[in-house]
Each structure stands twice: as C-alpha cells, then as structure tokens.
>>> print(open('entry_0.txt').read())   # compact mmCIF, C-alpha atoms
# COMPACT_ATOMS: atom_id res chain seq x y z
CA MET A 612 1.40 23.03 -7.12
CA GLU A 613 1.33 20.42 -4.35
CA ILE A 614 2.32 16.78 -4.82
CA GLY A 615 1.60 13.84 -2.52
CA SER A 616 -0.21 13.19 0.76
CA PHE A 617 -3.67 11.60 0.92
CA PHE A 618 -6.11 11.64 -1.99
CA GLU A 619 -8.51 14.51 -2.53
CA PHE A 620 -12.02 13.72 -3.79
CA PRO A 621 -11.67 12.74 -7.47
CA ASP A 622 -13.48 13.89 -10.59
CA TYR A 623 -15.98 11.36 -11.92
CA GLU A 624 -15.66 9.91 -15.41
CA ASN A 625 -18.19 8.34 -17.75
CA VAL A 626 -16.75 4.84 -17.56
CA LYS A 627 -17.83 1.67 -19.32
CA GLU A 628 -18.65 -0.87 -16.60
CA THR A 629 -15.99 -3.39 -17.64
CA ASN A 630 -13.34 -0.64 -17.56
CA SER A 631 -14.28 0.59 -14.10
CA ALA A 632 -12.05 0.00 -11.10
CA LEU A 633 -15.01 -1.46 -9.21
CA TYR A 634 -15.78 -4.09 -11.83
CA ASN A 635 -12.18 -5.25 -12.13
CA ILE A 636 -11.54 -5.31 -8.38
CA LYS A 637 -14.83 -7.08 -7.64
CA THR A 638 -14.30 -9.77 -10.28
CA GLY A 639 -10.57 -10.12 -9.67
CA TYR A 640 -10.05 -9.35 -13.36
CA GLY A 641 -12.38 -12.18 -14.29
CA SER A 642 -10.66 -14.75 -12.07
CA ASN A 643 -12.29 -17.48 -9.97
CA PHE A 644 -11.40 -15.73 -6.71
CA ASN A 645 -14.32 -14.64 -4.55
CA SER A 646 -14.08 -11.01 -3.46
CA ILE A 647 -15.29 -9.62 -0.14
CA PHE A 648 -15.23 -5.87 0.50
CA VAL A 649 -14.52 -4.57 4.01
CA GLY A 650 -13.71 -1.23 5.62
CA ASP A 651 -9.92 -1.24 5.25
CA GLY A 652 -6.80 -3.41 5.03
CA ARG A 653 -6.40 -4.24 8.71
CA GLN A 654 -10.07 -5.28 8.82
CA ALA A 655 -9.38 -7.62 5.90
CA ILE A 656 -6.49 -9.20 7.81
CA LYS A 657 -8.51 -9.60 10.99
CA ALA A 658 -11.46 -11.12 9.12
CA VAL A 659 -9.17 -13.77 7.64
CA LEU A 660 -7.56 -14.50 11.00
CA LEU A 661 -10.94 -14.84 12.71
CA ASN A 662 -12.07 -17.28 10.05
CA PHE A 663 -9.12 -19.56 10.85
CA ILE A 664 -8.77 -18.73 14.55
CA SER A 665 -9.26 -22.30 15.82
CA GLU A 666 -6.55 -23.59 13.47
CA LEU A 667 -4.12 -20.77 14.19
CA LYS A 668 -3.69 -21.76 17.82
CA ASP A 669 -1.71 -24.77 16.57
CA LYS A 670 0.15 -23.01 13.76
CA LYS A 671 3.39 -21.06 13.72
CA ILE A 672 2.88 -17.56 12.30
CA TYR A 673 5.58 -15.84 10.26
CA LEU A 674 5.43 -12.16 9.36
CA PRO A 675 7.83 -10.15 7.18
CA SER A 676 10.36 -8.10 9.13
CA TYR A 677 9.77 -5.22 6.70
CA LEU A 678 6.19 -4.10 7.24
CA CYS A 679 3.80 -1.37 8.28
CA GLY A 680 2.93 -1.39 11.96
CA SER A 681 -0.81 -1.54 11.20
CA ILE A 682 -0.37 -5.11 9.90
CA LEU A 683 0.58 -6.22 13.41
CA GLN A 684 -2.56 -4.78 14.99
CA PRO A 685 -5.02 -7.63 14.16
CA PHE A 686 -2.51 -10.29 15.23
CA LYS A 687 -1.97 -8.56 18.57
CA GLU A 688 -5.67 -8.01 19.18
CA LEU A 689 -6.29 -11.74 18.75
CA SER A 690 -3.33 -12.59 21.03
CA LEU A 691 -1.61 -14.52 18.24
CA LYS A 692 2.09 -15.10 18.70
CA PHE A 693 4.29 -14.53 15.66
CA ASP A 694 7.88 -14.62 14.51
CA PHE A 695 9.53 -12.57 11.78
CA TYR A 696 11.43 -13.68 8.70
CA GLY A 697 14.11 -11.70 6.90
CA HIS A 698 14.82 -10.64 3.32
CA THR A 699 17.63 -10.48 0.83
CA HIS A 700 18.05 -7.42 -1.38
CA PRO A 701 15.78 -6.15 -2.86
CA LEU A 702 13.16 -7.30 -0.33
CA ARG A 703 13.00 -10.93 -1.44
CA PRO A 704 11.56 -13.03 1.41
CA ASN A 705 14.05 -15.40 3.00
CA ILE A 706 11.55 -18.14 3.81
CA ASN A 707 12.25 -21.78 4.54
CA PHE A 708 10.27 -23.70 1.89
CA SER A 709 10.22 -26.80 4.08
CA LEU A 710 7.88 -25.08 6.59
CA LYS A 711 4.70 -26.93 7.45
CA ASN A 712 1.53 -26.17 9.39
CA SER A 713 2.26 -22.44 9.44
CA LEU A 714 0.63 -19.18 8.47
CA ILE A 715 2.97 -17.07 6.32
CA TYR A 716 2.22 -13.42 5.56
CA ILE A 717 3.83 -12.15 2.35
CA ILE A 718 3.84 -8.59 0.97
CA ASP A 719 4.21 -7.73 -2.71
CA TYR A 720 6.37 -4.67 -2.09
CA PHE A 721 5.86 -1.69 -4.40
CA GLY A 722 4.03 -3.75 -7.02
CA THR A 723 6.74 -6.36 -7.51
CA GLU A 724 6.28 -10.12 -7.26
CA VAL A 725 8.48 -10.91 -4.28
CA LEU A 726 7.88 -14.59 -4.95
CA SER A 727 6.53 -16.13 -8.14
CA ASN A 728 3.08 -17.70 -8.31
CA LYS A 729 4.78 -21.09 -8.52
CA GLU A 730 6.81 -20.43 -5.36
CA ILE A 731 3.72 -19.23 -3.46
CA GLU A 732 1.75 -22.28 -4.53
CA GLU A 733 4.63 -24.51 -3.42
CA LEU A 734 4.66 -22.83 0.01
CA SER A 735 0.87 -23.16 0.25
CA GLU A 736 0.93 -26.96 -0.11
CA ASN A 737 1.56 -27.32 3.62
CA ASN A 738 0.81 -23.80 4.86
CA LEU A 739 -1.80 -21.06 4.85
CA ILE A 740 -0.61 -17.99 2.91
CA ILE A 741 -1.90 -14.44 3.28
CA LEU A 742 -0.61 -12.50 0.29
CA ASP A 743 -0.85 -8.72 0.72
CA ILE A 744 -1.45 -7.24 -2.73
CA THR A 745 -2.10 -3.65 -1.63
CA HIS A 746 0.88 -2.53 -3.73
CA SER A 747 0.16 -4.96 -6.57
CA ILE A 748 -3.60 -4.70 -7.04
CA PHE A 749 -3.06 -4.03 -10.76
CA ASN A 750 -1.05 -7.22 -11.31
CA LYS A 751 -3.48 -9.57 -13.05
CA LYS A 752 -1.00 -12.45 -12.85
CA ARG A 753 -1.55 -12.72 -9.10
CA PHE A 754 -5.16 -13.69 -9.77
CA LYS A 755 -3.99 -16.79 -11.63
CA ILE A 756 -2.83 -18.43 -8.39
CA LYS A 757 -4.67 -21.74 -8.12
CA SER A 758 -4.12 -22.82 -4.52
CA GLU A 759 -7.06 -22.68 -2.12
CA ASN A 760 -4.59 -22.08 0.70
CA VAL A 761 -3.70 -18.63 -0.64
CA ILE A 762 -5.84 -15.71 0.52
CA MET A 763 -5.11 -12.25 -0.82
CA VAL A 764 -5.86 -8.99 1.01
CA ALA A 765 -5.52 -5.35 0.02
CA SER A 766 -6.09 -1.89 1.47
CA LEU A 767 -7.84 -0.12 -1.38
CA ARG A 768 -7.61 3.35 0.17
CA LYS A 769 -3.83 3.29 -0.27
CA ILE A 770 -4.06 3.26 -4.06
CA PHE A 771 -7.53 4.60 -4.95
CA PRO A 772 -9.06 8.00 -4.03
CA ILE A 773 -11.64 6.64 -1.60
CA PRO A 774 -12.22 7.50 2.08
CA ASP A 775 -11.84 3.86 3.10
CA GLY A 776 -11.99 0.32 1.79
CA GLY A 777 -10.32 -3.05 1.75
CA VAL A 778 -10.82 -6.35 -0.04
CA ILE A 779 -10.28 -10.06 0.55
CA TYR A 780 -9.80 -12.59 -2.26
CA CYS A 781 -10.32 -16.26 -1.49
CA LYS A 782 -11.22 -19.50 -3.25
CA ASN A 783 -13.44 -20.78 -0.44
CA PHE A 784 -16.20 -19.04 1.47
CA ILE A 785 -15.17 -16.88 4.42
CA ASN A 786 -17.77 -16.10 7.04
CA ILE A 787 -17.68 -12.45 8.15
CA ASN A 788 -19.99 -10.62 10.53
CA LYS A 789 -19.92 -6.95 9.58
CA CYS A 790 -20.91 -3.99 11.75
CA LYS A 791 -22.72 -0.91 10.50
CA TYR A 792 -20.20 1.51 9.04
CA ASN A 793 -20.31 5.22 9.85
CA LYS A 794 -16.81 6.33 10.85
CA TYR A 795 -15.53 7.33 7.41
CA ILE A 796 -17.45 10.63 7.20
CA LYS A 797 -14.60 12.72 8.66
CA MET A 798 -12.17 11.27 6.10
CA LEU A 799 -14.63 12.03 3.32
CA GLU A 800 -14.91 15.58 4.61
CA ALA A 801 -11.09 15.88 4.55
CA MET A 802 -11.06 14.70 0.92
CA PHE A 803 -13.67 17.28 -0.11
CA LEU A 804 -11.84 20.08 1.68
CA LYS A 805 -8.54 19.12 0.09
CA LYS A 806 -10.23 19.14 -3.33
CA TYR A 807 -11.52 22.66 -2.67
CA TYR A 808 -8.10 23.72 -1.36
CA ILE A 809 -6.37 22.52 -4.54
CA THR A 810 -8.86 23.99 -7.01
CA ASN A 811 -9.23 27.34 -5.21
CA ASN A 812 -5.80 27.68 -3.58
CA ASN A 813 -7.44 28.39 -0.23
CA GLU A 814 -4.60 28.09 2.29
CA ASN A 815 -6.98 28.55 5.22
CA LEU A 816 -8.35 25.04 4.67
CA LYS A 817 -5.06 23.16 4.80
CA GLU A 818 -4.64 23.01 8.55
CA TYR A 819 -8.24 21.89 8.97
CA PHE A 820 -8.26 19.01 6.46
CA LEU A 821 -4.86 17.79 7.67
CA GLU A 822 -6.19 17.70 11.23
CA LEU A 823 -9.21 15.68 10.07
CA TYR A 824 -6.92 13.24 8.28
CA LYS A 825 -4.52 12.84 11.22
CA ASN A 826 -7.38 12.26 13.65
CA TYR A 827 -8.86 9.62 11.37
CA GLU A 828 -5.55 7.77 11.24
CA LYS A 829 -5.19 8.02 15.04
CA LEU A 830 -8.70 6.60 15.44
CA LYS A 831 -7.67 3.56 13.40
CA ASP A 832 -4.44 3.07 15.30
CA HIS A 833 -5.97 3.35 18.77
CA SER A 834 -9.33 1.61 18.31
CA ILE A 835 -10.10 -2.09 18.44
CA ILE A 836 -10.57 -3.30 14.87
CA LYS A 837 -14.22 -3.92 14.06
CA ILE A 838 -15.12 -5.29 10.67
CA PHE A 839 -17.34 -2.98 8.66
CA ASP A 840 -18.56 -2.99 5.10
CA ILE A 841 -16.83 -0.75 2.59
CA PRO A 842 -18.42 2.74 2.52
CA PRO A 843 -21.06 3.11 -0.24
CA ILE A 844 -19.33 6.28 -1.47
CA SER A 845 -16.13 4.28 -1.99
CA LEU A 846 -18.00 1.86 -4.28
CA GLU A 847 -19.50 4.80 -6.18
CA ILE A 848 -16.07 6.39 -6.67
CA LEU A 849 -14.54 3.10 -7.85
CA GLN A 850 -17.43 2.69 -10.30
CA ASN A 851 -16.50 6.05 -11.84
CA LEU A 852 -12.75 5.46 -12.18
CA ASN A 853 -11.31 4.11 -15.42
CA ILE A 854 -8.79 1.52 -14.25
CA ASN A 855 -6.97 1.43 -17.60
CA LYS A 856 -6.37 5.20 -17.64
CA LEU A 857 -5.32 5.09 -14.02
CA LEU A 858 -2.79 2.33 -14.62
CA SER A 859 -1.49 3.95 -17.81
CA LYS A 860 -0.80 7.23 -16.02
CA ARG A 861 1.06 5.46 -13.20
CA LYS A 862 3.22 3.53 -15.67
CA GLU A 863 4.03 6.70 -17.61
CA ASN A 864 5.10 8.48 -14.43
CA LEU A 865 7.14 5.51 -13.23
CA ASN A 866 8.95 5.25 -16.56
CA TYR A 867 9.86 8.94 -16.42
CA PHE A 868 11.67 8.41 -13.12
CA TYR A 869 13.62 5.42 -14.36
CA ASN A 870 14.62 7.23 -17.54
CA ASN A 871 15.57 10.57 -15.99
CA LEU A 872 16.72 10.10 -12.39
CA ASN A 873 20.47 10.72 -12.39
CA ASN A 874 22.20 11.17 -9.05
CA GLU A 875 25.09 9.11 -7.70
CA VAL A 876 23.69 9.07 -4.17
CA ILE A 877 20.20 7.90 -5.23
CA LYS A 878 19.16 4.65 -6.85
CA PRO A 879 15.85 2.82 -7.44
CA LEU A 880 15.09 -0.01 -5.04
CA PHE A 881 13.97 -2.30 -7.88
CA GLU A 882 14.80 -2.76 -11.54
CA LYS A 883 12.05 -1.32 -13.72
CA THR A 884 11.22 -4.71 -15.24
CA LYS A 885 10.35 -6.07 -11.78
CA VAL A 886 7.51 -3.59 -11.19
CA GLU A 887 4.23 -5.17 -12.28
CA SER A 888 1.86 -2.74 -10.56
CA PRO A 889 3.09 0.86 -10.04
CA PHE A 890 2.42 2.03 -6.46
CA PHE A 891 5.09 4.59 -5.50
CA MET A 892 8.60 4.98 -6.88
CA PRO A 893 10.84 3.68 -4.05
CA ILE A 894 14.37 5.11 -4.06
CA LEU A 895 17.37 4.48 -1.83
CA PHE A 896 19.83 7.10 -0.61
CA LYS A 897 23.45 6.53 0.30
CA ASN A 898 22.61 7.15 3.95
CA GLU A 899 19.91 8.53 6.22
CA LYS A 900 21.47 11.99 6.49
CA ILE A 901 21.39 12.46 2.72
CA ARG A 902 17.82 11.14 2.56
CA GLU A 903 16.66 13.66 5.13
CA THR A 904 18.40 16.49 3.27
CA TYR A 905 16.52 15.64 0.07
CA ARG A 906 13.24 14.93 1.86
CA LYS A 907 13.31 18.37 3.47
CA LYS A 908 14.13 19.97 0.13
CA LEU A 909 11.17 18.24 -1.51
CA ILE A 910 8.84 19.32 1.30
CA GLU A 911 10.12 22.89 0.89
CA PHE A 912 8.69 22.72 -2.65
CA LYS A 913 5.40 21.20 -1.41
CA ILE A 914 6.26 17.68 -2.47
CA TYR A 915 5.42 15.17 0.24
CA PRO A 916 7.15 11.79 -0.14
CA PRO A 917 6.23 9.18 2.50
CA ILE A 918 8.58 6.61 4.03
CA HIS A 919 7.45 3.02 3.50
CA TRP A 920 8.04 2.17 6.28
CA GLU A 921 9.36 3.37 9.59
CA LEU A 922 9.53 -0.07 11.16
CA PRO A 923 7.65 -0.79 14.39
CA ASN A 924 9.68 -1.52 17.51
CA ASP A 925 8.42 -5.12 17.40
CA VAL A 926 10.89 -5.93 14.61
CA PRO A 927 14.10 -7.17 16.33
CA ARG A 928 17.34 -5.30 15.62
CA LYS A 929 18.90 -8.50 14.30
CA PHE A 930 17.10 -7.78 11.03
CA ARG A 931 19.80 -5.30 10.06
CA TYR A 932 19.01 -5.17 6.34
CA GLU A 933 15.38 -4.19 7.01
CA HIS A 934 16.24 -1.54 9.60
CA GLU A 935 18.91 -0.05 7.36
CA LEU A 936 16.52 -0.01 4.41
CA SER A 937 13.94 1.83 6.49
CA LYS A 938 16.49 4.57 7.24
CA ASN A 939 17.47 5.10 3.61
CA ILE A 940 14.25 4.65 1.63
CA LEU A 941 11.87 7.30 0.29
CA SER A 942 8.69 6.84 -1.76
CA LEU A 943 7.99 9.25 -4.60
CA PRO A 944 4.34 9.89 -5.60
CA ILE A 945 3.56 8.65 -9.12
CA ASP A 946 -0.20 8.22 -8.91
CA GLN A 947 -2.86 9.18 -11.44
CA ARG A 948 -3.29 12.71 -10.09
CA TYR A 949 -0.03 13.77 -11.69
CA GLY A 950 1.58 13.95 -15.11
CA LEU A 951 5.00 14.59 -16.58
CA LYS A 952 4.98 18.22 -15.41
CA GLU A 953 4.94 17.10 -11.77
CA MET A 954 7.39 14.25 -12.41
CA LYS A 955 9.88 16.67 -14.00
CA CYS A 956 9.63 18.93 -10.97
CA ILE A 957 10.48 16.06 -8.60
CA VAL A 958 13.31 14.70 -10.76
CA ASN A 959 14.87 18.13 -11.25
CA LEU A 960 15.10 18.54 -7.48
CA LEU A 961 16.49 15.04 -6.95
CA ASN A 962 19.14 15.42 -9.65
CA ARG A 963 20.68 18.40 -7.87
CA LYS A 964 23.44 18.00 -5.30
CA TYR A 965 22.54 19.08 -1.78
CA TRP A 966 25.04 17.06 0.26
>>> encode(input="entry_0.txt", output="structure tokens")
Amino acid sequence: MEIGSFFEFPDYENVKETNSALYNIKTGYGSNFNSIFVGDGRQAIKAVLLNFISELKDKKIYLPSYLCGSILQPFKELSLKFDFYGHTHPLRPNINFSLKNSLIYIIDYFGTEVLSNKEIEELSENNLIILDITHSIFNKKRFKIKSENVIMVASLRKIFPIPDGGVIYCKNFININKCKYNKYIKMLEAMFLKKYYITNNNENLKEYFLELYKNYEKLKDHSIIKIFDIPPISLEILQNLNINKLLSKRKENLNYFYNNLNNEVIKPLFEKTKVESPFFMPILFKNEKIRETYRKKLIEFKIYPPIHWELPNDVPRKFRYEHELSKNILSLPIDQRYGLKEMKCIVNLLNRKYW
C-alpha cells in the first residue's frame, strides 16, 4: 500500500453528464461566471494579469505572505512589483479594507473561506481581486459572488487526476491568446506508469515515473509561462469523474481524521466546520523537529505527506507567523483514491509517540 504523491491515471466511470466533474467545473455549478480552461494554475494567473496589464502599472499589488512559490512566477515574468500582507491564526488575511486602486490576491487555504463572500465583495468595490480557489473548487458558495471585480483561478491538476489543467472564472470577457499544447505527454506517461506500478506492484517502474514527474515540475519552474489550452485528455478524464462521489469520499476521509486523531503534539490547523471543500488535512506539530520525526515515520510506511508550503525566499522574515507555520505544518492525503483503511493506517501512526 502506498499513499500520496501525484495522481495515477484514474479508472473511468459511467457518469451522468450533470454529475461529471467537467460539467460542474465548466458551468461553475450553474453560476453566471464564465469559465476559461488553460494549461495550469500559473497560466491562469498570467492570463488574468496580461488582460489587465495596462491598469496594473498604476495599481499596488498585494500577495499573501503564505503561498506557493509558483504563484510569484507570473508576477515576476511581467516585471510587476508586489508587496505581501500577513495573516492571523488560522491563516486569516490581515488586509486593510480601506485599500483602493489595488490588486489583491487571496487564497482559500485548504478549502476554507478565508474571507466571506461579503468581505470579498466589499474589498472589490475599489480593487481588483484574484481569488485562488484551487483548494476550494468544491465550494459552491464561492460561485455566488456577484462582483465583476472578482476573478477566480484554480489549478485543477492539484485536486483532480489529470496531467495538467487550470481554469479562470470571470464575469466579463477575458481575451486570451493560447499556444498549441503538447508538453503534457511526459506527465501523462508518468500517470500511466504509476497506475501500472500500483496495480502490478512493479517496483522497477517507480524510479522511472518519479523521474518523469520531477522533470515535468522542473520544466514548469524553469520555463517562461506560455498560455496553452487544457489538454484534451484532461477534459476526457474530468468528463468521466463523478464529482459527487469524489467529494463524498474526501469528506468521509476528512471526518475520520477529525474524529480519531489524538496526539498532544499534533492539532488540526482549522476547525472541521470551517472546511467547505476538502483538499488535504493540514495538521500542526509542536515544533519542526517533531514534524520531521513523524514525516520520516510516515514515509517509512510509504505514506507521502507534502508540506504546503515551504515558503519562497521572497517572503520577508518579518512575517514570523507564516514562516513558523511553514516549519510546523504537514498535509495528510485524503483524496478520493483512498478509504477508511488508508486513513486508519495514517492515524494509527500519528497517534503513536515518537518524540
């Protein structure tokens, strides 16, 4: 048994169109948002920035001080200057609501609503808002936002078993020039090989598909972002995924953690009632040393929990809360590939004392 890491190629289901992930993502759950598919999340961000590039030269740009380094890439490529804003626990943005003529980037961390729809609409009265819903793509309430100054983006490959894909949601038309897309094939190959590895327990394949995956990630990190269309195979996969079953499985797994995790040096980052769209189960350790002890123990049992996130060096050290959080956080896999058997295995390891 192996838990975590990137998605293998999924099994197809016979899905009613209105229950498919593709239908619900494309229509924004029946909302009046327009959806535009692109190659990945950072392409979605860059496409939005390019659409407003003439305006952004005169705007202040504020980014969250707790973020993935890939979010910075499109801003840097377009030579856009930005400042960071901080957070209060647990990751609530500390934003000045009197800001005007600014672009504010907000992340819905781990499927929570870091700010309410009302608060976001209030901020958008005098500002342009990019709301990153990668972690909260299942939260239908976000699609009830009315303001035309709110644009939502998401990296679909982070939550669905597709080789690549991102989406933009906007009220007004966004003009995007897309290039021909052909770079996802190696990632697709890695997904197929991982599927074969899991079903046939062929250890010889592991090193190869991991190398393919790592090289694909390096290509993204070290290449200039070009805006492509979402791969056709990603649309086909999404068409054959039942979004209701997927969400139900994630909720079941999340609930198991909240009900059974019992260790004095580990606590959930958020209250269960705050999670609207299960992504990973984020937990906090008493300190970094204890986290690393448990992380190594999990890896020993072939459980691979990522760290969301190891902050980029661009984030100033004055944001102490964010840097400390990055040292103590760990994300537990709860996605639709797994059931209670796998969740019990993870919880049993976490409930032991290794310090």
>>> residues_around(input="entry_0.txt", residues="Ser937 of chain A", least_positions_apart="5", cutoff="9 Å", atoms="all atoms listed in the file", output="PyMOL selection string")
chain A and resi 677+899+918-922+932
>>> closest_atom_pairs(input="entry_0.txt", of="segment 809-915 of chain A", to="segment 715-726 of chain A", cutoff="10 Å", atoms="only C-alpha atoms", output="Markdown table")
| residue | atom | partner | partner_atom | distance |
| --- | --- | --- | --- | --- |
| A:Leu880 | CA | A:Phe721 | CA | 9.4 |
| A:Phe881 | CA | A:Thr723 | CA | 8.3 |
| A:Glu882 | CA | A:Thr723 | CA | 9.7 |
| A:Lys883 | CA | A:Thr723 | CA | 9.6 |
| A:Thr884 | CA | A:Thr723 | CA | 9.1 |
| A:Lys885 | CA | A:Thr723 | CA | 5.6 |
| A:Val886 | CA | A:Thr723 | CA | 4.7 |
| A:Glu887 | CA | A:Gly722 | CA | 5.5 |
| A:Ser888 | CA | A:Gly722 | CA | 4.3 |
| A:Pro889 | CA | A:Gly722 | CA | 5.6 |
| A:Phe890 | CA | A:Phe721 | CA | 5.5 |
| A:Phe891 | CA | A:Phe721 | CA | 6.4 |
| A:Met892 | CA | A:Phe721 | CA | 7.6 |
| A:Pro893 | CA | A:Phe721 | CA | 7.3 |
>>> residues_around(input="entry_0.txt", residues="Ile741 of chain A", least_positions_apart="5", cutoff="12 Å", atoms="all atoms listed in the file", output="ChimeraX atom specification")
/A:655-660,663,672-675,682,713-719,731-732,734-735,758-765,779-781
>>> residues_around(input="entry_0.txt", residues="Leu960 of chain A", least_positions_apart="5", cutoff="10 Å", atoms="only C-alpha atoms", output="JSON, numbers by chain")
{"A": [872, 905, 908, 909, 912, 955, 965]}
>>> atom_distance(input="entry_0.txt", atom1="atom CA of Lys964 of chain A", atom2="atom CA of Ser616 of chain A")
24.9 Å
>>> closest_residue(input="entry_0.txt", among="A:Ile636, A:Phe644, A:Ile940, A:Asn625", to="Ile785 of chain A", atoms="all atoms listed in the file")
A:Phe644
>>> closest_residue(input="entry_0.txt", among="A:Arg768, A:Arg703, A:Lys825, A:Lys729", to="Leu846 of chain A", atoms="only C-alpha atoms")
A:Arg768
>>> residues_near_point(input="entry_0.txt", point="(-13.6, -4.4, 3.4)", cutoff="9 Å", atoms="all atoms listed in the file", output="PyMOL selection string")
chain A and resi 647-655+765-767+775-779+838-842
>>> residues_around(input="entry_0.txt", residues="segment 792-807 of chain A", least_positions_apart="3", cutoff="10 Å", atoms="only C-alpha atoms", output="ChimeraX atom specification")
/A:617-622,649-650,772-776,789,810-813,816-817,819-828,830-831,837-845
>>> closest_residue(input="entry_0.txt", among="A:Ala632, A:Ile901, A:Ile614, A:Leu667", to="Leu852 of chain A", atoms="all atoms listed in the file")
A:Ala632
>>> closest_residue(input="entry_0.txt", among="A:Asn630, A:Asn705, A:Gln947, A:Asn959", to="Arg861 of chain A", atoms="only C-alpha atoms")
A:Gln947
>>> atom_distance(input="entry_0.txt", atom1="atom CA of Asn712 of chain A", atom2="atom CA of Asp669 of chain A")
8.0 Å
>>> closest_residue(input="entry_0.txt", among="A:Ile957, A:Asn864, A:Ile836, A:Leu739", to="Ile910 of chain A", atoms="only C-alpha atoms")
A:Ile957
>>> atom_distance(input="entry_0.txt", atom1="atom CA of Lys900 of chain A", atom2="atom CA of Leu936 of chain A")
13.1 Å
>>> closest_residue(input="entry_0.txt", among="A:Ile809, A:Leu691, A:Ile914, A:Cys956", to="Pro944 of chain A", atoms="all atoms listed in the file")
A:Ile914
>>> residues_around(input="entry_0.txt", residues="Gln850 of chain A", least_positions_apart="5", cutoff="8 Å", atoms="all atoms listed in the file", output="PyMOL selection string")
chain A and resi 626+628+631-634
